[in-house]
$ cat my_file-v1.txt   # compact mmCIF, C-alpha atoms
# COMPACT_ATOMS: atom_id res chain seq x y z
CA MET A 1 10.05 -51.47 11.45
CA ARG A 2 13.34 -49.57 11.47
CA LEU A 3 11.84 -46.84 9.33
CA PHE A 4 8.91 -46.54 11.70
CA LEU A 5 11.23 -46.27 14.71
CA SER A 6 13.43 -43.65 13.12
CA LEU A 7 10.37 -41.60 12.14
CA LEU A 8 9.07 -41.94 15.69
CA LEU A 9 12.34 -40.42 16.84
CA THR A 10 12.72 -37.80 14.11
CA ILE A 11 9.27 -36.23 14.03
CA PRO A 12 9.29 -35.03 17.68
CA ILE A 13 12.78 -33.59 17.20
CA VAL A 14 11.71 -31.69 14.07
CA LEU A 15 8.57 -30.38 15.78
CA ALA A 16 10.47 -29.34 18.90
CA LEU A 17 13.17 -27.54 16.91
CA GLY A 18 10.85 -25.85 14.41
CA LEU A 19 8.06 -24.80 16.75
CA GLY A 20 10.37 -24.19 19.69
CA SER A 21 12.59 -21.79 17.78
CA ALA A 22 9.56 -19.97 16.38
CA TRP A 23 8.08 -19.67 19.87
CA TYR A 24 11.39 -18.43 21.27
CA MET A 25 11.54 -15.64 18.70
CA ILE A 26 7.88 -14.62 19.06
CA ALA A 27 7.27 -14.90 22.81
CA ALA A 28 9.50 -11.93 23.63
CA PRO A 29 10.85 -9.11 21.47
CA ARG A 30 14.17 -10.43 20.19
CA ALA A 31 14.39 -9.23 16.59
CA GLY A 32 15.16 -5.59 15.83
CA THR A 33 15.84 -4.61 19.43
CA VAL A 34 18.77 -3.43 21.54
CA GLU A 35 19.68 -3.97 25.16
CA VAL A 36 20.90 -1.24 27.50
CA GLY A 37 21.85 -2.72 30.86
CA ALA A 38 18.82 -4.62 32.14
CA TRP A 39 16.55 -2.84 29.65
CA ARG A 40 15.42 -4.13 26.30
CA ALA A 41 13.89 -1.81 23.72
CA LEU A 42 10.64 -2.79 22.06
CA PRO A 43 11.05 -2.79 18.27
CA ALA A 44 9.01 -0.28 16.32
CA ALA A 45 5.90 -1.69 14.66
CA GLU A 46 5.95 0.40 11.49
CA ALA A 47 3.63 -1.07 8.86
CA GLU A 48 6.17 -0.56 6.07
CA THR A 49 9.28 -1.94 7.74
CA ILE A 50 8.05 -4.40 10.35
CA ASP A 51 9.88 -7.72 10.55
CA PRO A 52 7.93 -11.01 10.57
CA TYR A 53 8.82 -11.80 14.19
CA THR A 54 7.53 -8.48 15.52
CA ARG A 55 4.42 -8.79 13.35
CA ALA A 56 3.70 -12.26 14.77
CA ARG A 57 4.34 -11.11 18.35
CA ILE A 58 2.06 -8.08 18.00
CA ALA A 59 -0.64 -10.20 16.36
CA ARG A 60 -0.59 -12.41 19.45
CA THR A 61 -0.58 -9.69 22.09
CA GLY A 62 -2.75 -7.16 20.24
CA GLU A 63 -0.62 -4.44 21.78
CA ILE A 64 -0.40 -0.90 20.50
CA ALA A 65 3.30 -0.14 20.14
CA MET A 66 4.81 3.31 20.40
CA ALA A 67 5.63 4.81 17.01
CA ALA A 68 9.28 5.18 16.05
CA GLY A 69 9.03 8.95 15.78
CA GLU A 70 7.26 9.30 19.07
CA GLY A 71 9.82 7.76 21.38
CA LEU A 72 11.20 4.53 22.73
CA THR A 73 9.80 1.90 25.08
CA PHE A 74 12.21 -0.07 27.26
CA VAL A 75 11.19 -3.12 29.29
CA ALA A 76 13.09 -4.78 32.15
CA THR A 77 12.18 -8.15 33.66
CA HIS A 78 15.52 -8.75 35.36
CA ASP A 79 18.05 -6.66 37.30
CA ASP A 80 21.58 -5.74 36.22
CA PRO A 81 23.15 -8.97 37.58
CA GLY A 82 20.51 -10.94 35.65
CA HIS A 83 18.16 -12.08 38.42
CA ASP A 84 14.43 -11.98 37.67
CA LEU A 85 12.63 -9.01 39.19
CA GLU A 86 10.53 -10.19 42.13
CA GLY A 87 7.75 -8.38 43.94
CA ASN A 88 9.06 -9.45 47.33
CA CYS A 89 12.30 -7.51 46.76
CA GLU A 90 12.99 -3.77 46.93
CA ILE A 91 13.69 -2.83 43.33
CA HIS A 92 15.94 0.24 43.10
CA LEU A 93 16.35 2.27 39.94
CA VAL A 94 19.39 4.53 40.11
CA ALA A 95 20.04 7.14 37.43
CA ASP A 96 22.54 9.91 36.84
CA THR A 97 20.63 11.72 34.15
CA ALA A 98 17.19 12.07 32.69
CA PRO A 99 16.97 9.62 29.77
CA ALA A 100 14.54 11.93 27.96
CA ARG A 101 12.78 15.25 28.38
CA LEU A 102 9.64 13.35 29.24
CA TRP A 103 9.58 9.78 30.52
CA THR A 104 7.14 7.57 32.35
CA LEU A 105 7.83 4.47 34.45
CA THR A 106 5.32 1.68 35.08
CA ALA A 107 5.59 -1.40 37.28
CA THR A 108 3.30 -4.27 36.34
CA GLY A 109 3.08 -8.00 36.88
CA ALA A 110 5.29 -10.15 34.67
CA ASP A 111 2.42 -10.48 32.18
CA GLY A 112 2.27 -6.70 31.72
CA GLU A 113 -1.12 -6.37 33.41
CA PRO A 114 -1.38 -3.50 35.92
CA VAL A 115 -1.68 -4.66 39.53
CA ALA A 116 -4.00 -3.26 42.16
CA THR A 117 -2.16 -1.18 44.77
CA PRO A 118 -3.74 0.52 47.79
CA SER A 119 -2.55 3.97 46.67
CA LYS A 120 -4.06 3.59 43.16
CA ARG A 121 -0.86 4.96 41.61
CA THR A 122 0.30 2.94 38.62
CA HIS A 123 3.10 5.05 37.20
CA MET A 124 5.69 7.73 37.80
CA SER A 125 6.88 10.37 35.39
CA SER A 126 9.74 12.80 34.90
CA ARG A 127 7.39 15.57 36.05
CA GLU A 128 7.04 14.22 39.57
CA VAL A 129 10.36 12.48 40.27
CA LEU A 130 12.52 14.17 42.94
CA ARG A 131 16.16 14.72 41.95
CA ASP A 132 19.14 15.66 44.12
CA GLY A 133 21.26 18.77 43.48
CA ASN A 134 23.26 17.04 40.75
CA GLY A 135 20.26 15.76 38.82
CA HIS A 136 20.67 12.21 40.14
CA TRP A 137 17.50 10.37 41.05
CA ASP A 138 16.43 7.00 42.28
CA VAL A 139 13.10 5.23 42.49
CA VAL A 140 12.11 2.35 44.75
CA VAL A 141 9.53 -0.09 43.38
CA ASN A 142 7.92 -2.01 46.23
CA ALA A 143 4.51 -2.88 47.59
CA THR A 144 5.24 -1.06 50.86
CA ALA A 145 5.09 2.73 50.99
CA ARG A 146 8.26 4.71 51.73
CA SER A 147 9.58 8.24 51.57
CA GLY A 148 11.28 9.60 48.48
CA ASN A 149 10.48 8.40 44.99
CA TRP A 150 8.25 5.42 45.54
CA LEU A 151 6.35 3.54 42.85
CA PRO A 152 3.91 0.93 44.16
CA GLY A 153 4.57 -2.47 42.64
CA PRO A 154 3.25 -6.00 42.89
CA GLY A 155 3.77 -7.55 46.33
CA LYS A 156 4.56 -11.00 44.98
CA GLY A 157 5.38 -12.77 41.75
CA GLY A 158 7.41 -11.44 38.86
CA VAL A 159 7.67 -7.75 38.03
CA ARG A 160 7.99 -6.03 34.68
CA LEU A 161 9.22 -2.44 34.51
CA THR A 162 8.32 -0.34 31.48
CA LEU A 163 10.21 2.89 30.84
CA ARG A 164 8.76 5.01 28.05
CA LEU A 165 10.88 7.84 26.67
CA TYR A 166 8.99 10.58 24.85
CA ASP A 167 10.45 13.46 22.99
CA THR A 168 13.88 11.82 22.77
CA PRO A 169 16.51 12.35 20.08
CA PHE A 170 17.41 8.65 20.22
CA ASN A 171 15.98 5.91 18.05
CA LEU A 172 16.83 2.25 17.60
CA GLY A 173 18.96 3.03 14.57
CA SER A 174 21.14 5.65 16.25
CA SER A 175 24.69 4.68 17.14
CA SER A 176 24.44 6.07 20.66
CA LEU A 177 21.70 5.06 23.04
CA PRO A 178 20.37 6.83 26.11
CA THR A 179 21.85 6.09 29.51
CA LEU A 180 19.16 4.23 31.41
CA PRO A 181 18.76 3.73 35.16
CA LYS A 182 20.63 0.90 36.84
CA VAL A 183 18.31 -1.79 38.20
CA GLU A 184 19.19 -3.39 41.54
CA GLN A 185 17.31 -5.61 43.97
CA ARG A 186 17.84 -5.40 47.72
CA ALA A 187 16.26 -6.70 50.91
CA CYS A 188 14.37 -9.62 49.40
CA ARG A 189 11.97 -11.13 51.88
CA MET B 1 27.17 -44.50 9.05
CA ILE B 2 28.54 -41.00 9.57
CA LEU B 3 27.22 -39.99 6.16
CA ARG B 4 23.75 -41.23 7.07
CA ALA B 5 23.83 -39.31 10.32
CA LEU B 6 24.85 -36.14 8.46
CA VAL B 7 22.02 -36.56 5.94
CA TRP B 8 19.61 -37.09 8.82
CA LEU B 9 20.84 -33.96 10.62
CA LEU B 10 20.59 -31.89 7.45
CA GLY B 11 17.08 -33.19 6.81
CA VAL B 12 15.97 -32.41 10.37
CA ALA B 13 17.44 -28.90 10.19
CA MET B 14 15.78 -28.17 6.86
CA ILE B 15 12.32 -29.40 7.82
CA ALA B 16 12.58 -27.64 11.21
CA GLY B 17 13.57 -24.45 9.37
CA VAL B 18 10.57 -24.67 7.06
CA LEU B 19 8.32 -25.29 10.05
CA HIS B 20 9.84 -22.25 11.80
CA ILE B 21 9.16 -19.98 8.82
CA VAL B 22 5.63 -21.31 8.26
CA THR B 23 4.81 -20.80 11.95
CA VAL B 24 6.16 -17.24 12.11
CA PHE B 25 4.31 -16.15 8.97
CA GLY B 26 1.20 -18.13 9.91
CA VAL B 27 0.67 -16.66 13.38
CA PRO B 28 -0.76 -13.29 12.20
CA HIS B 29 -3.42 -15.16 10.19
CA TYR B 30 -4.68 -17.06 13.20
CA ALA B 31 -4.18 -14.42 15.89
CA VAL B 32 -7.39 -13.28 17.51
CA HIS B 33 -6.28 -9.96 18.99
CA GLU B 34 -7.00 -7.57 16.14
CA PRO B 35 -7.03 -4.02 17.57
CA TRP B 36 -9.85 -3.05 15.19
CA ASP B 37 -12.12 -5.73 16.68
CA GLU B 38 -10.86 -5.21 20.23
CA LEU B 39 -11.90 -1.55 19.99
CA ALA B 40 -15.41 -2.29 18.68
CA PRO B 41 -17.03 -2.56 22.17
CA PHE B 42 -15.92 1.00 23.04
CA GLY B 43 -18.03 2.73 20.39
CA PRO B 44 -19.04 3.16 16.74
CA THR B 45 -16.73 3.89 13.81
CA ASP B 46 -15.97 7.35 12.41
CA ARG B 47 -15.95 9.13 15.75
CA PHE B 48 -13.54 9.47 18.65
CA VAL B 49 -14.33 7.48 21.77
CA ALA B 50 -12.42 7.92 25.02
CA LEU B 51 -10.63 4.80 26.23
CA PRO B 52 -10.73 4.12 29.97
CA ARG B 53 -7.49 5.02 31.78
CA VAL B 54 -5.18 2.01 32.11
CA ALA B 55 -5.78 0.56 35.57
CA PRO B 56 -5.99 -2.85 37.25
CA GLY B 57 -8.98 -4.83 36.02
CA VAL B 58 -9.93 -2.24 33.38
CA LYS B 59 -10.37 -3.49 29.82
CA SER B 60 -8.39 -1.40 27.36
CA LEU B 61 -5.78 -2.15 24.70
CA PRO B 62 -2.53 -3.72 25.87
CA GLY B 63 0.62 -1.64 25.64
CA LEU B 64 -0.89 1.77 26.39
CA ASP B 65 0.83 4.12 28.82
CA PRO B 66 -1.08 4.57 32.13
CA ALA B 67 0.39 8.07 32.44
CA MET B 68 -1.51 9.10 29.32
CA MET B 69 -5.14 9.57 28.46
CA GLN B 70 -6.23 8.04 25.16
CA THR B 71 -9.01 8.64 22.70
CA VAL B 72 -9.41 6.53 19.59
CA CYS B 73 -11.31 6.63 16.29
CA ARG B 74 -11.84 3.71 13.94
CA PHE B 75 -12.17 5.48 10.60
CA THR B 76 -13.39 4.18 7.25
CA LEU B 77 -12.67 5.76 3.87
CA GLY B 78 -15.83 4.46 2.12
CA LYS B 79 -17.69 7.78 2.32
CA GLY B 80 -14.75 9.96 1.33
CA PRO B 81 -11.53 11.11 2.98
CA VAL B 82 -11.57 11.43 6.75
CA ARG B 83 -10.79 14.77 8.35
CA ILE B 84 -9.27 14.56 11.83
CA ARG B 85 -9.28 17.70 13.96
CA VAL B 86 -8.45 18.32 17.58
CA THR B 87 -7.09 21.07 19.81
CA PRO B 88 -5.49 19.20 22.71
CA ALA B 89 -4.52 20.79 26.02
CA ASP B 90 -1.04 22.35 26.12
CA VAL B 91 0.88 19.31 27.39
CA TYR B 92 2.70 16.51 25.56
CA TRP B 93 0.39 14.76 23.08
CA SER B 94 0.69 12.61 19.99
CA LEU B 95 -1.59 11.54 17.17
CA SER B 96 -0.78 8.16 15.60
CA LEU B 97 -2.52 6.43 12.73
CA TYR B 98 -2.46 2.63 12.71
CA ASP B 99 -3.78 0.07 10.26
CA ARG B 100 -6.46 -2.32 11.53
CA HIS B 101 -3.78 -4.78 12.69
CA GLY B 102 -2.25 -2.17 14.99
CA LEU B 103 0.80 -1.42 12.85
CA HIS B 104 1.88 2.21 12.86
CA VAL B 105 1.62 4.12 9.59
CA TRP B 106 1.75 7.86 10.31
CA GLY B 107 2.14 10.03 13.35
CA THR B 108 2.82 13.46 14.73
CA ASP B 109 3.17 15.05 18.14
CA ASN B 110 3.14 18.50 19.68
CA ARG B 111 6.90 18.83 19.17
CA VAL B 112 6.79 18.01 15.44
CA THR B 113 3.86 20.21 14.54
CA GLY B 114 4.96 23.07 16.80
CA GLN B 115 1.39 24.22 16.86
CA LYS B 116 -1.53 23.78 19.14
CA ALA B 117 -4.05 22.05 16.87
CA ILE B 118 -4.21 19.11 14.49
CA ASP B 119 -6.04 19.28 11.18
CA ILE B 120 -5.35 16.43 8.77
CA LEU B 121 -7.15 14.68 5.93
CA VAL B 122 -6.67 10.93 5.52
CA ALA B 123 -7.25 10.12 1.84
CA ASN B 124 -6.73 7.16 -0.48
CA ASP B 125 -5.31 7.33 -4.01
CA VAL B 126 -8.68 8.10 -5.61
CA HIS B 127 -9.38 10.91 -3.14
CA VAL B 128 -5.91 12.37 -3.65
CA ALA B 129 -6.41 12.40 -7.42
CA GLN B 130 -9.77 14.14 -6.95
CA LEU B 131 -8.18 16.67 -4.62
CA ARG B 132 -5.43 17.45 -7.14
CA GLU B 133 -7.98 18.12 -9.84
CA ASN B 134 -10.30 20.24 -7.83
CA ALA B 135 -8.88 21.34 -4.50
CA PRO B 136 -11.36 23.05 -2.17
CA ASP B 137 -9.88 26.31 -0.83
CA GLU B 138 -10.34 25.33 2.78
CA LEU B 139 -8.12 22.29 2.30
CA GLU B 140 -5.08 24.39 1.38
CA ASP B 141 -3.57 24.41 4.87
CA ILE B 142 -4.40 20.83 5.69
CA VAL B 143 -1.91 17.98 5.81
CA VAL B 144 -3.11 15.21 3.50
CA VAL B 145 -2.12 11.72 4.64
CA ASP B 146 -1.94 9.15 1.86
CA TRP B 147 -3.74 6.01 3.05
CA LYS B 148 -3.50 2.64 1.31
CA ALA B 149 -6.09 0.62 3.23
CA GLY B 150 -9.86 1.11 3.40
CA ASP B 151 -9.86 1.75 7.13
CA GLY B 152 -7.60 2.50 10.07
CA ILE B 153 -7.29 3.57 13.66
CA ALA B 154 -6.46 7.08 14.88
CA LEU B 155 -5.11 7.24 18.43
CA ILE B 156 -4.57 10.46 20.36
CA GLN B 157 -2.49 10.12 23.51
CA ILE B 158 -2.07 13.01 25.90
CA MET B 159 0.03 13.30 29.04
CA VAL B 160 -1.76 13.83 32.33
CA PRO B 161 0.97 15.50 34.44
CA LEU B 162 -1.26 16.00 37.48
CA ALA B 163 -4.40 14.17 38.51
CA SER B 164 -6.06 17.55 39.05
CA MET B 165 -5.66 18.35 35.33
CA GLU B 166 -7.55 15.24 34.27
CA GLY B 167 -10.86 17.05 33.75
CA GLU B 168 -9.38 19.84 31.64
CA ILE B 169 -7.42 17.37 29.51
CA ALA B 170 -10.42 15.08 29.00
CA ALA B 171 -12.45 18.11 27.91
CA SER B 172 -9.81 19.08 25.34
CA LEU B 173 -9.95 15.55 23.91
CA ARG B 174 -13.70 15.78 23.52
CA THR B 175 -13.07 18.44 20.83
CA ALA B 176 -11.55 15.70 18.67
CA SER B 177 -13.48 14.88 15.52
CA CYS B 178 -12.94 12.28 12.85
CA VAL B 179 -15.46 12.82 10.07
CA PRO B 180 -15.78 11.41 6.55
CA THR B 181 -15.74 14.45 4.30
CA PRO B 182 -17.23 13.72 0.86
CA LEU B 183 -15.53 15.63 -1.93
CA GLY B 184 -17.45 17.85 -4.38

$ encode --input "my_file-v1.txt" --output "structure tokens"
Amino acid sequence: MRLFLSLLLTIPIVLALGLGSAWYMIAAPRAGTVEVGAWRALPAAEAETIDPYTRARIARTGEIAMAAGEGLTFVATHDDPGHDLEGNCEIHLVADTAPARLWTLTATGADGEPVATPSKRTHMSSREVLRDGNGHWDVVVNATARSGNWLPGPGKGGVRLTLRLYDTPFNLGSSSLPTLPKVEQRACR
Amino acid sequence: MILRALVWLLGVAMIAGVLHIVTVFGVPHYAVHEPWDELAPFGPTDRFVALPRVAPGVKSLPGLDPAMMQTVCRFTLGKGPVRIRVTPADVYWSLSLYDRHGLHVWGTDNRVTGQKAIDILVANDVHVAQLRENAPDELEDIVVVDWKAGDGIALIQIMVPLASMEGEIAASLRTASCVPTPLG
């Protein structure tokens, strides 16, 4: 009877620890990545060097990852102070420099699926962003249209920002990393 | 009592660790999202098919950049090495070769090649040996990519800087070919 009781207690603990830790590592990119401010880099999915966690994550999502030589993909789901990005807030990206010669910025729902916006725009790129005289730029992600650099985003629920840097000298192994835009949230409704 | 608790903790940690490792290595065997199969509805193998632009409610592959236009070829090496040729429009583009699980193997872009066109031959060990023995003249200037698997996915991504350039860029992607080229 005592053995039965202790097994009844032990088995759920073992399952929770083993499966829980595996889920934690696979659900989001955690192995082989770096963080820059609110941004987290997606690890490269190179067939020869891929780690088991990234392999398992990619097998689940079926996503096509950017090649290491091509550039870097950064994802943000929270702002600089650590609050989750919400569609009912004005999300401001503030940058001093261009992080790469060519970059693109996408705002999606928290699941990464593009959201329908009235203007049909789903992304913004370094080609179209307006900079001030010193090369500074900022982008507002919000469902409501505004002047300046505006990227339509989801009106409600969580938001995921994806910043893809092409043609960049940086890679995940380099000791210095690009300076990425600051992420702030204002005027939450 | 303390000893028994320690043994219990150690046992729990070890079994949980084994479970962790088995789960992580097991997931790829049970995962259903294989890019090779996900791409099958878009068109046949051994030719490039244009993927729809990433947009709300449009079925494409996850993780693709909506600022880019994509065309993809599922190639097979059964009928000989595969020759991939394209002359993309003069904007940023990249060609990436993935295995059927979506893991990246080889790639190039317009900055690396410094030229306007791609011409590569994807060949396995047997093909490479045949090529060494008896190299056709026209293959002299071609990059030969050593390929371990029997099949793979070629993905061309090209930047669409302005919506008005979409037609021109799509037309340049239609020049892409991905043809098994039997040797000798």

$ closest_residue --input "my_file-v1.txt" --among "A:Pro43, A:Gly109, A:Pro181, A:Pro99" --to "Arg30 in chain A" --atoms "only C-alpha atoms"
A:Pro43

$ atom_distance --input "my_file-v1.txt" --atom1 "CA of Trp106 in chain B" --atom2 "CA of Val145 in chain B"
7.9 Å

$ atom_distance --input "my_file-v1.txt" --atom1 "CA of Arg186 in chain A" --atom2 "CA of Lys156 in chain A"
14.7 Å

$ interface_residues --input "my_file-v1.txt" --of "chain A" --to "chain B" --cutoff "9 Å" --atoms "all atoms listed in the file" --output "ChimeraX atom specification"
/A:10-11,13-23,25-26,44-48,50,52-53,55-70,102,104-106,112-117,120-125,127-128,164,166-167

$ residues_around --input "my_file-v1.txt" --residues "Ala107 in chain A" --least-positions-apart "5" --cutoff "8 Å" --atoms "only C-alpha atoms" --output "ChimeraX atom specification"
/A:114,122-123,141,151-154,159-162

$ write_last_selection --input "my_file-v1.txt" --atoms "C-alpha atoms" --output "tab-separated table (two decimals), keeping the file's coordinate frame"
chain	number	residue	atom	x	y	z
A	114	PRO	CA	-1.38	-3.50	35.92
A	122	THR	CA	0.30	2.94	38.62
A	123	HIS	CA	3.10	5.05	37.20
A	141	VAL	CA	9.53	-0.09	43.38
A	151	LEU	CA	6.35	3.54	42.85
A	152	PRO	CA	3.91	0.93	44.16
A	153	GLY	CA	4.57	-2.47	42.64
A	154	PRO	CA	3.25	-6.00	42.89
A	159	VAL	CA	7.67	-7.75	38.03
A	160	ARG	CA	7.99	-6.03	34.68
A	161	LEU	CA	9.22	-2.44	34.51
A	162	THR	CA	8.32	-0.34	31.48

$ residues_around --input "my_file-v1.txt" --residues "Pro81 in chain B" --least-positions-apart "2" --cutoff "12 Å" --atoms "all atoms listed in the file" --output "PyMOL selection string"
chain B and resi 46+75-79+83-84+120-131+139+144-152+178-184

$ residues_around --input "my_file-v1.txt" --residues "Arg174 in chain B" --least-positions-apart "5" --cutoff "12 Å" --atoms "only C-alpha atoms" --output "list in words"
Arg47, Phe48, Val49, Ala50, Leu51, Met69, Gln70, Thr71, Val72, Cys73, Arg85, Val86, Thr87, Pro88, Ala89, Ile156, Gly167, Glu168 and Ile169 of chain B

$ atom_distance --input "my_file-v1.txt" --atom1 "CA of Ser174 in chain A" --atom2 "CA of Val34 in chain A"
10.8 Å

$ closest_residue --input "my_file-v1.txt" --among "B:Ala135, B:Ile158, B:Val143, B:Leu6" --to "Leu173 in chain B" --atoms "all atoms listed in the file"
B:Ile158

$ axis_aligned_box --input "my_file-v1.txt" --around "range 115-130 of chain A" --padding-each-side "6 Å" --output "AutoDock Vina command-line options"
--center_x 4.2 --center_y 5.5 --center_z 41.3 --size_x 28.6 --size_y 32.2 --size_z 24.9

$ closest_residue --input "my_file-v1.txt" --among "B:Val7, B:Ala170, B:Ala163, B:Ala154" --to "Val82 in chain B" --atoms "all atoms listed in the file"
B:Ala154
